[in-house]
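S.K.: Okay, here's the structure, questions in a sec.
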Amino acid sequence: MQKQYTNEQLYRIAEENYRLLSDYCFSLTEEGYFSKVEPVLHLSAEEVLDLYMQSLMLQFLVFGKRFNEEEILFAAGLTRQDMLGLKTAWEAGDLSEAVGKSAKFLEAPPILLQLFGLRDQEKRIGVTGLFFDSLLNVIICLSYLNQVRDSRISKFIGLYFDKVGAFLENRQDASRTVDGKYIFKKLCSGNLSEGCTLLRDAGEDFSAYKQKYFYYRHRAGASPMAEAVSEHIEAEEEIREFLPDSAAETAREAVSHRKEKESGEEIDRLTEELNRMVGLSEVKEEIRSLVNLIKVKRLREKYKLPQMNMSYHMVFTGSPGTGKTTVARLVAQIYKELGILSKGTLTETDRSGLVAGYVGQTALKVKETVERAIGGVLFIDEAYALAPENAGNDFGTEAIDTLVKLMEDHRDDFVVIVAGYTDEMQRFLKANTGLYSRFNKFIRFTDYTNEELLAILDSMASETGFCLTEGARRKVERMLSDMDAETKRGFGNARGIRNLFERLVSNQANRIIEYSSQSIKDITVITEEDVTG
């Protein structure tokens, strides 16, 4: 059974753990481990501890959506110095700046854990686990205030451990490594009085440092808080130069692991956004296969296996209004998360954005457009217009030739997606022998069915707080069914549905404005009367 603690007991336990943390940090200073990074950070080890401790506590409160005076004063008063200005911010009624600074500070790899890892490696001991254990005790104390026992503490600590777990491995003695199993056992026991007893004794006496706990250095000319946070993060690479290869490698692995996890989550989000689009089953399957292919390629790179050259340029074929631009934007962002592109932006253009009216100007115009798009995707809509039939000496040919050369020059951080009608795009690809070799991924966007167009209309209405009566939907359905092939092509698929929806909203406004009064139902419902040809 978990023990219940009064607030007074929690304050005392947290204070004792903070004293331990301070003792450990003094050891870094006295033994010279912090001396090389201090001029880079412009913060002492004690100041970094206070900043780190307050940032961690504040981010827990943000995560748990817990903000009351007692909790803020706990976080502000536990450390020797209120580095985030929590008390002043609370009294002013605005914690936003402190929250932003704490989040930014925690983005950087934890320098204290890195240095304790180095100290453990050189002295063949296990203080890093003890330091982390005391951090956990403080956060748990904060979560237990007023006997709330916030259930979100487990999730918060789990997410925190994902970020710093790589720094807690003890390469000299695995029994002193803090892992997920240890954290689970600690959270389940709920016995904070045990302190560090779940870990083996560190084998050294820190009592010599306790006399120095009450001596706190207020350094003259120290950087203001905002600058200190910024410099701490910007100095990350410089700090690694002071660490041995093993510690620097651990830092790199931790950062890489965190970035891979964040990229994976973002890819999942973008894929889900694609899947929520109406229809496009063939497109979704092609993009899914492409993402999987690139993921496996990265795995092969990781294990130093032979690689097959891949071209990431694509041809989107289909009628206007079938979602080509939207999908191209998602592809650009997915490519960024997969490491193919550095920025993941989408630059849209067409013939008018690439072709000039005089000899020599077209190449310059294409080059300027490509330079804007480097790091992302250049999306060329109606690309076949660059290669018109019986064009003779059309400047579009110059644009294509220049584009092919620039695609080769910037192949490491530049992707082109060309789009247009299926038959016309074949003519475009034949305009230059280099196009076929670079565009070997074709994705076909079929026209939406009437049912899919109605679903898109319902989605547009829902997103803007409207709804269609059954009579209105049936009338729109009849309009779509009565269109011949030529009219349907000119309608423009989803683009036509958007234009239709805007017309319905306009018709509804003209209808209800004449009412003596308008109810919520009047202004949100589109009726059959609003559907006109």
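Residues are named by chain letter and number: chains run A, B, ... in the order of the structure tokens, numbers start at 1 in each chain, and ligands are numbered from 1 in the order shown.
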Using only C-alpha atoms, which residues sit within 7 Å of segment 458-467 of chain A once same-chain residues fewer than 2 positions away are excluded, as a ChimeraX atom specification?

M.R.: /A:454-456,469,524-526

S.K.: Would you kindly return, as a list in words, each protein, DNA or RNA residue with an atom no farther than 12 Å from any atom of Asn68 of chain A, considering only C-alpha atoms and excluding same-chain residues fewer than 3 positions away?

M.R.: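 These residues fall inside the cut-off: Leu58, Leu61, Val62, Gly64, Lys65, Glu71, Ile72, Leu73, Phe74, Ala75, Leu86, Lys87, Trp90, Glu91, Gly93, Leu95, Leu142, Leu145 and Asn146 of chain A.
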
S.K.: Under the rule that only C-alpha atoms are counted, which of A:Ile443, A:Ile267, A:Leu354, A:Glu398 is the nearest residue to Glu286 of chain A?

M.R.: A:Ile443

S.K.: Neighbouring residues of Gly117 of chain A were defined as those with any atom within 7 Å, considering only C-alpha atoms; residues of the same chain fewer than 4 positions away were excluded. Please report them as a list in words.

M.R.: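 The filter keeps Leu113, Gln121, Thr128 and Phe167 of chain A.
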
S.K.: Okay, now the selection with C-alpha atoms, as a tab-separated table (two decimals), in the first residue's frame?

M.R.:
```
chain	number	residue	atom	x	y	z
A	113	LEU	CA	23.73	14.03	-16.42
A	121	GLN	CA	33.14	6.35	-16.01
A	128	THR	CA	24.35	9.45	-12.11
A	167	PHE	CA	22.52	9.16	-20.18
```

S.K.: Any idea what's packed within 8 Å of Thr79 of chain A, counting only C-alpha atoms, ignoring anything in its chain fewer than 5 positions away? Could you give it as a PyMOL selection string?

M.R.: chain A and resi 18+50+53-54

S.K.: From a backbone DSSP assignment, name each residue in segment 381-419 of chain A labelled strand (DSSP E), as a VMD selection string.

M.R.: chain A and resid 415 to 419

S.K.: Store the residues picked out above, limited to N, CA, C and O atoms, as a compact mmCIF listing (two decimals), in the first residue's frame.

M.R.:
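What follows is the written file result-v4.txt:
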```txt
# COMPACT_ATOMS: atom_id res chain seq x y z
N VAL A 415 13.42 18.35 -54.43
CA VAL A 415 12.53 17.40 -55.08
C VAL A 415 11.54 18.18 -55.95
O VAL A 415 11.05 19.24 -55.56
N VAL A 416 11.27 17.62 -57.13
CA VAL A 416 10.30 18.22 -58.05
C VAL A 416 9.12 17.28 -58.22
O VAL A 416 9.29 16.07 -58.42
N ILE A 417 7.92 17.83 -58.09
CA ILE A 417 6.70 17.09 -58.41
C ILE A 417 6.00 17.84 -59.53
O ILE A 417 5.69 19.03 -59.39
N VAL A 418 5.80 17.17 -60.65
CA VAL A 418 5.09 17.77 -61.79
C VAL A 418 3.69 17.17 -61.85
O VAL A 418 3.49 16.00 -61.53
N ALA A 419 2.73 18.00 -62.27
CA ALA A 419 1.34 17.54 -62.25
C ALA A 419 0.61 17.99 -63.50
O ALA A 419 0.94 19.03 -64.11
```

S.K.: So the first atom is atom CA of Met479 of chain A and the second is atom CA of Glu451 of chain A; what is the distance between them in Å, to one decimal place?

M.R.: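 Answer for the atom CA of Met479 of chain A to atom CA of Glu451 of chain A separation: 12.4 Å.
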
S.K.: Using only C-alpha atoms, can you tell me which of A:Asp447, A:Glu452, A:Glu529, A:Glu382 comes closest to Met425 of chain A?

M.R.: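 Checking each of A:Asp447, A:Glu452, A:Glu529, A:Glu382 against Met425 of chain A, counting only C-alpha atoms, the winner is A:Glu382.
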
S.K.: What is the atom CA of Ser281 of chain A-atom CA of Thr326 of chain A distance in Å, reported with one decimal?

M.R.: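 According to the coordinates, atom CA of Ser281 of chain A and atom CA of Thr326 of chain A are separated by 14.8 Å.
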
S.K.: What is the distance between atom CA of Leu338 of chain A and atom CA of Gly375 of chain A, in Å to one decimal?

M.R.: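 Value for the atom CA of Leu338 of chain A-atom CA of Gly375 of chain A distance: 12.8 Å.
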
S.K.: Within 7 Å of Val377 of chain A, counting only C-alpha atoms, which residues show up once you throw out same-chain ones fewer than 2 positions away? Write them as a PyMOL selection string, please.

M.R.: chain A and resi 332+344-347+373+379+414-417

S.K.: Got time to write the residues from that selection, N, CA and C atoms, as a PDB file, in the first residue's frame?

M.R.:
```
ATOM      1  N   ALA A 332       5.994  16.780 -49.053  1.00  0.00           N
ATOM      2  CA  ALA A 332       7.139  17.629 -48.705  1.00  0.00           C
ATOM      3  C   ALA A 332       7.453  17.522 -47.217  1.00  0.00           C
ATOM      4  N   GLY A 344      11.269  20.936 -45.961  1.00  0.00           N
ATOM      5  CA  GLY A 344       9.945  20.361 -46.151  1.00  0.00           C
ATOM      6  C   GLY A 344       8.902  21.355 -46.639  1.00  0.00           C
ATOM      7  N   THR A 345       9.330  22.436 -47.279  1.00  0.00           N
ATOM      8  CA  THR A 345       8.398  23.442 -47.770  1.00  0.00           C
ATOM      9  C   THR A 345       7.878  23.055 -49.154  1.00  0.00           C
ATOM     10  N   LEU A 346       6.771  23.686 -49.561  1.00  0.00           N
ATOM     11  CA  LEU A 346       6.227  23.465 -50.901  1.00  0.00           C
ATOM     12  C   LEU A 346       6.210  24.797 -51.634  1.00  0.00           C
ATOM     13  N   THR A 347       6.862  24.847 -52.795  1.00  0.00           N
ATOM     14  CA  THR A 347       6.859  26.034 -53.646  1.00  0.00           C
ATOM     15  C   THR A 347       6.057  25.703 -54.899  1.00  0.00           C
ATOM     16  N   ALA A 373      13.085  27.103 -53.778  1.00  0.00           N
ATOM     17  CA  ALA A 373      12.490  25.822 -53.395  1.00  0.00           C
ATOM     18  C   ALA A 373      13.477  24.840 -52.776  1.00  0.00           C
ATOM     19  N   PHE A 379       6.587  22.295 -56.823  1.00  0.00           N
ATOM     20  CA  PHE A 379       5.395  21.693 -57.416  1.00  0.00           C
ATOM     21  C   PHE A 379       5.025  22.488 -58.661  1.00  0.00           C
ATOM     22  N   PHE A 414      16.505  18.624 -52.852  1.00  0.00           N
ATOM     23  CA  PHE A 414      15.553  19.281 -53.742  1.00  0.00           C
ATOM     24  C   PHE A 414      14.747  18.211 -54.459  1.00  0.00           C
ATOM     25  N   VAL A 415      13.421  18.355 -54.426  1.00  0.00           N
ATOM     26  CA  VAL A 415      12.529  17.400 -55.076  1.00  0.00           C
ATOM     27  C   VAL A 415      11.542  18.175 -55.951  1.00  0.00           C
ATOM     28  N   VAL A 416      11.268  17.619 -57.134  1.00  0.00           N
ATOM     29  CA  VAL A 416      10.303  18.223 -58.048  1.00  0.00           C
ATOM     30  C   VAL A 416       9.119  17.280 -58.216  1.00  0.00           C
ATOM     31  N   ILE A 417       7.919  17.829 -58.093  1.00  0.00           N
ATOM     32  CA  ILE A 417       6.695  17.088 -58.409  1.00  0.00           C
ATOM     33  C   ILE A 417       5.995  17.841 -59.531  1.00  0.00           C
TER      34      ILE A 417
END
```

S.K.: Env of segment 291-308 of chain A: 10 Å cut, atoms = only C-alpha atoms, seq-sep filter 2 positions within chain, self excluded. Answer as a PyMOL selection string.

M.R.: chain A and resi 267+271+285-289+310-312+331+334-335+338-340
